[in-house]
Amino acid sequence: MNSMKYENYYENKSHTTPDFPYNTYLCSIPLDFPEVATHWHSEAELIVIKKGRGIIEIDLKLYDAEEGNMFLIFPGQLHSIRQKNHCIMEYENIIFEPSFVGANTDDLCGELLSSLFDGRFSCSVKIDRNLAYYEKAAGCIENIDRLCSEKKYGYQLGVKGNLIEFFHIIVSNNTESVPIDRNDRSIEKVKLILSYISENYTHKITIDEAAAVCYYSSSHFMKFFKEAMGEGFIQYLNNYRLRIAAQLLIATDDSIIIVAEKTGFENLSYFNRCFKKRFGVTPGQYRNGIR
């Protein structure tokens with residue numbers, strides 16, 4: 001799995017094809033990549049934990065993840081995946097366009113699904129064995145996995161049917177749910193600053209500049225960012241740059257000084273210190289070890 005795609009906070013790269021807007025793939029944290037950084041996209045996503053333990057973050061809320069858990073990510077929701085302690089976590093990503101299951105169509109079924117996807121109808125984003133409908137929902141995913149593995153003629157119909165049944169189970173077991181706010185102001189502010197980072201990380205970014213993006217004072221911005229993201233802005237910015245640098249060390253033959261410059265580090269010795277602190281090895285050792 002190429003982790004480069006995960007570094008665009010808003011992913012405008014399609015994960016699916018027009019004739020079959022559905023995709024599934026297996027990943028491992030940290031064997032495929034150390035973490036999946038906070039991002040969002042227009043597709044819906046199901047994260048199914050196959051082995052191990054980890055942490056899933058959805059719209060700034062943290063969830064413990066373990067084998068058997070399933071997590072619902074709706075279009076536009078911020079989400080990230082990372083290690084818990086030193087555990088390895090294997091998981092399946094199921095990504096599809098809402099239109100694949102009939103959302104936004106002009107009938108009652110489309111309205112039910114659209115209300116779920118856009119937050120007018122809420123449900124638990126974490127589906128675990130404590131829920132009465134868990135076995136039925138998990139059975140749909142097992143059927144989908146089998147169909148995708150066998151790939152018999154017309155398997156796409158089975159995938160679509162099981163995914164629709166999955167959401168039928170979700171909706172029918174959450175009849176007393178209340179609307180949720182998918183346009184939370186703090187989430188929108190986080191999206192603004194994350195987009196700004198992804199577009200400008202190669203240059204110097206001051207706290208004053210970042211604060212101006214959110215129309216906050218510098219002091220309020222620093223407090224807001226740490227509460228939302230769990231670490232200070234400068235630390236977060238450096239870690240973002242270091243993730244990009246680690247990928248460039250693997251994917252290119254650029255010299256270490258060029259990698260440092262491309263990722264916004266003006267001082268090579270500072271880059272080397274930060275990199276070793278983050279990854280436990282020097283940039284050169286990291287490149288040679290991975291290759």
# chains A, B, ... in the order shown; residues from 1 in each chain; ligands from 1
>>> select_by_dssp(residues="region 141-203 of chain A", states="alpha helix (DSSP H)", output="PyMOL selection string")
chain A and resi 141-150+155-172+185-200
>>> residues_around(residues="Asn238 (chain A)", least_positions_apart="2", cutoff="12 Å", atoms="only C-alpha atoms", output="PyMOL selection string")
chain A and resi 197+201-205+231-236+240-245+260+263-266+270-275+277-278
>>> residues_around(residues="region 152-159 of chain A", least_positions_apart="5", cutoff="8 Å", atoms="only C-alpha atoms", output="VMD selection string")
chain A and resid 20 143 to 144 147
>>> write_last_selection(atoms="N, CA and C atoms", output="mmCIF file, in the first residue's frame")
data_model
loop_
_atom_site.group_PDB
_atom_site.id
_atom_site.type_symbol
_atom_site.label_atom_id
_atom_site.label_comp_id
_atom_site.auth_asym_id
_atom_site.auth_seq_id
_atom_site.Cartn_x
_atom_site.Cartn_y
_atom_site.Cartn_z
ATOM 1 N N PHE A 20 -18.062 0.796 -11.409
ATOM 2 C CA PHE A 20 -18.262 0.037 -10.162
ATOM 3 C C PHE A 20 -17.679 0.870 -9.025
ATOM 4 N N ASN A 143 -20.006 -11.686 3.807
ATOM 5 C CA ASN A 143 -20.488 -12.048 2.474
ATOM 6 C C ASN A 143 -19.783 -11.226 1.398
ATOM 7 N N ILE A 144 -19.607 -9.942 1.660
ATOM 8 C CA ILE A 144 -18.924 -9.063 0.705
ATOM 9 C C ILE A 144 -17.481 -9.519 0.488
ATOM 10 N N LEU A 147 -17.495 -12.652 -1.684
ATOM 11 C CA LEU A 147 -17.820 -12.337 -3.068
ATOM 12 C C LEU A 147 -16.636 -11.691 -3.786
#
>>> closest_residue(among="A:Arg82, A:His39, A:Lys160, A:His220", to="Asn23 (chain A)", atoms="only C-alpha atoms")
A:Lys160
>>> select_by_dssp(residues="region 60-167 of chain A", states="strand (DSSP E or B)", output="PyMOL selection string")
chain A and resi 61-66+70-73+79-83+89-96+126-127
>>> residues_around(residues="region 114-128 of chain A", least_positions_apart="4", cutoff="10 Å", atoms="only C-alpha atoms", output="number ranges by chain")
A: 44, 46-48, 56, 58, 63-77, 98-99, 102-105, 108-110, 132-135, 137-138, 167, 170-171, 173-183
>>> decode(residues="region 128-148 of chain A", atoms="N, CA, C and O atoms", output="short mmCIF file (atom, residue, chain, number, x, y, z; two decimals), in the first residue's frame")
data_model
loop_
_atom_site.label_atom_id
_atom_site.label_comp_id
_atom_site.auth_asym_id
_atom_site.auth_seq_id
_atom_site.Cartn_x
_atom_site.Cartn_y
_atom_site.Cartn_z
N ASP A 128 -19.78 -2.74 17.42
CA ASP A 128 -19.06 -3.82 18.09
C ASP A 128 -20.03 -4.86 18.61
O ASP A 128 -21.24 -4.77 18.43
N ARG A 129 -19.49 -5.87 19.27
CA ARG A 129 -20.30 -7.02 19.69
C ARG A 129 -21.31 -6.68 20.78
O ARG A 129 -22.18 -7.50 21.10
N ASN A 130 -21.21 -5.51 21.36
CA ASN A 130 -22.19 -5.10 22.37
C ASN A 130 -23.53 -4.70 21.76
O ASN A 130 -24.53 -4.60 22.48
N LEU A 131 -23.54 -4.46 20.46
CA LEU A 131 -24.77 -4.07 19.79
C LEU A 131 -25.57 -5.30 19.37
O LEU A 131 -25.00 -6.26 18.84
N ALA A 132 -26.88 -5.24 19.55
CA ALA A 132 -27.74 -6.40 19.27
C ALA A 132 -27.69 -6.81 17.80
O ALA A 132 -27.86 -7.99 17.47
N TYR A 133 -27.46 -5.85 16.92
CA TYR A 133 -27.48 -6.15 15.49
C TYR A 133 -26.09 -6.43 14.92
O TYR A 133 -25.93 -6.53 13.69
N TYR A 134 -25.10 -6.59 15.79
CA TYR A 134 -23.73 -6.76 15.33
C TYR A 134 -23.57 -7.97 14.40
O TYR A 134 -22.98 -7.86 13.32
N GLU A 135 -24.07 -9.13 14.81
CA GLU A 135 -23.85 -10.35 14.03
C GLU A 135 -24.43 -10.24 12.63
O GLU A 135 -23.83 -10.68 11.65
N LYS A 136 -25.62 -9.64 12.52
CA LYS A 136 -26.23 -9.48 11.21
C LYS A 136 -25.40 -8.54 10.33
O LYS A 136 -25.17 -8.80 9.15
N ALA A 137 -24.95 -7.44 10.93
CA ALA A 137 -24.14 -6.48 10.18
C ALA A 137 -22.81 -7.09 9.76
O ALA A 137 -22.37 -6.95 8.60
N ALA A 138 -22.17 -7.82 10.69
CA ALA A 138 -20.89 -8.47 10.38
C ALA A 138 -21.06 -9.52 9.31
O ALA A 138 -20.17 -9.74 8.47
N GLY A 139 -22.21 -10.19 9.29
CA GLY A 139 -22.48 -11.20 8.28
C GLY A 139 -22.49 -10.61 6.88
O GLY A 139 -22.03 -11.24 5.92
N CYS A 140 -23.01 -9.39 6.74
CA CYS A 140 -23.01 -8.73 5.44
C CYS A 140 -21.59 -8.48 4.96
O CYS A 140 -21.27 -8.67 3.77
N ILE A 141 -20.73 -8.04 5.86
CA ILE A 141 -19.33 -7.78 5.49
C ILE A 141 -18.62 -9.07 5.12
O ILE A 141 -17.83 -9.12 4.16
N GLU A 142 -18.90 -10.14 5.85
CA GLU A 142 -18.30 -11.46 5.52
C GLU A 142 -18.74 -11.90 4.13
O GLU A 142 -17.93 -12.44 3.35
N ASN A 143 -20.01 -11.69 3.81
CA ASN A 143 -20.49 -12.05 2.47
C ASN A 143 -19.78 -11.23 1.40
O ASN A 143 -19.40 -11.75 0.35
N ILE A 144 -19.61 -9.94 1.66
CA ILE A 144 -18.92 -9.06 0.70
C ILE A 144 -17.48 -9.52 0.49
O ILE A 144 -16.99 -9.59 -0.65
N ASP A 145 -16.79 -9.85 1.58
CA ASP A 145 -15.40 -10.31 1.47
C ASP A 145 -15.32 -11.59 0.62
O ASP A 145 -14.42 -11.74 -0.21
N ARG A 146 -16.26 -12.50 0.85
CA ARG A 146 -16.27 -13.76 0.09
C ARG A 146 -16.52 -13.50 -1.40
O ARG A 146 -15.84 -14.05 -2.27
N LEU A 147 -17.50 -12.65 -1.68
CA LEU A 147 -17.82 -12.34 -3.07
C LEU A 147 -16.64 -11.69 -3.79
O LEU A 147 -16.33 -12.02 -4.94
N CYS A 148 -15.95 -10.75 -3.10
CA CYS A 148 -14.80 -10.07 -3.70
C CYS A 148 -13.62 -11.01 -3.88
O CYS A 148 -12.78 -10.81 -4.77
#
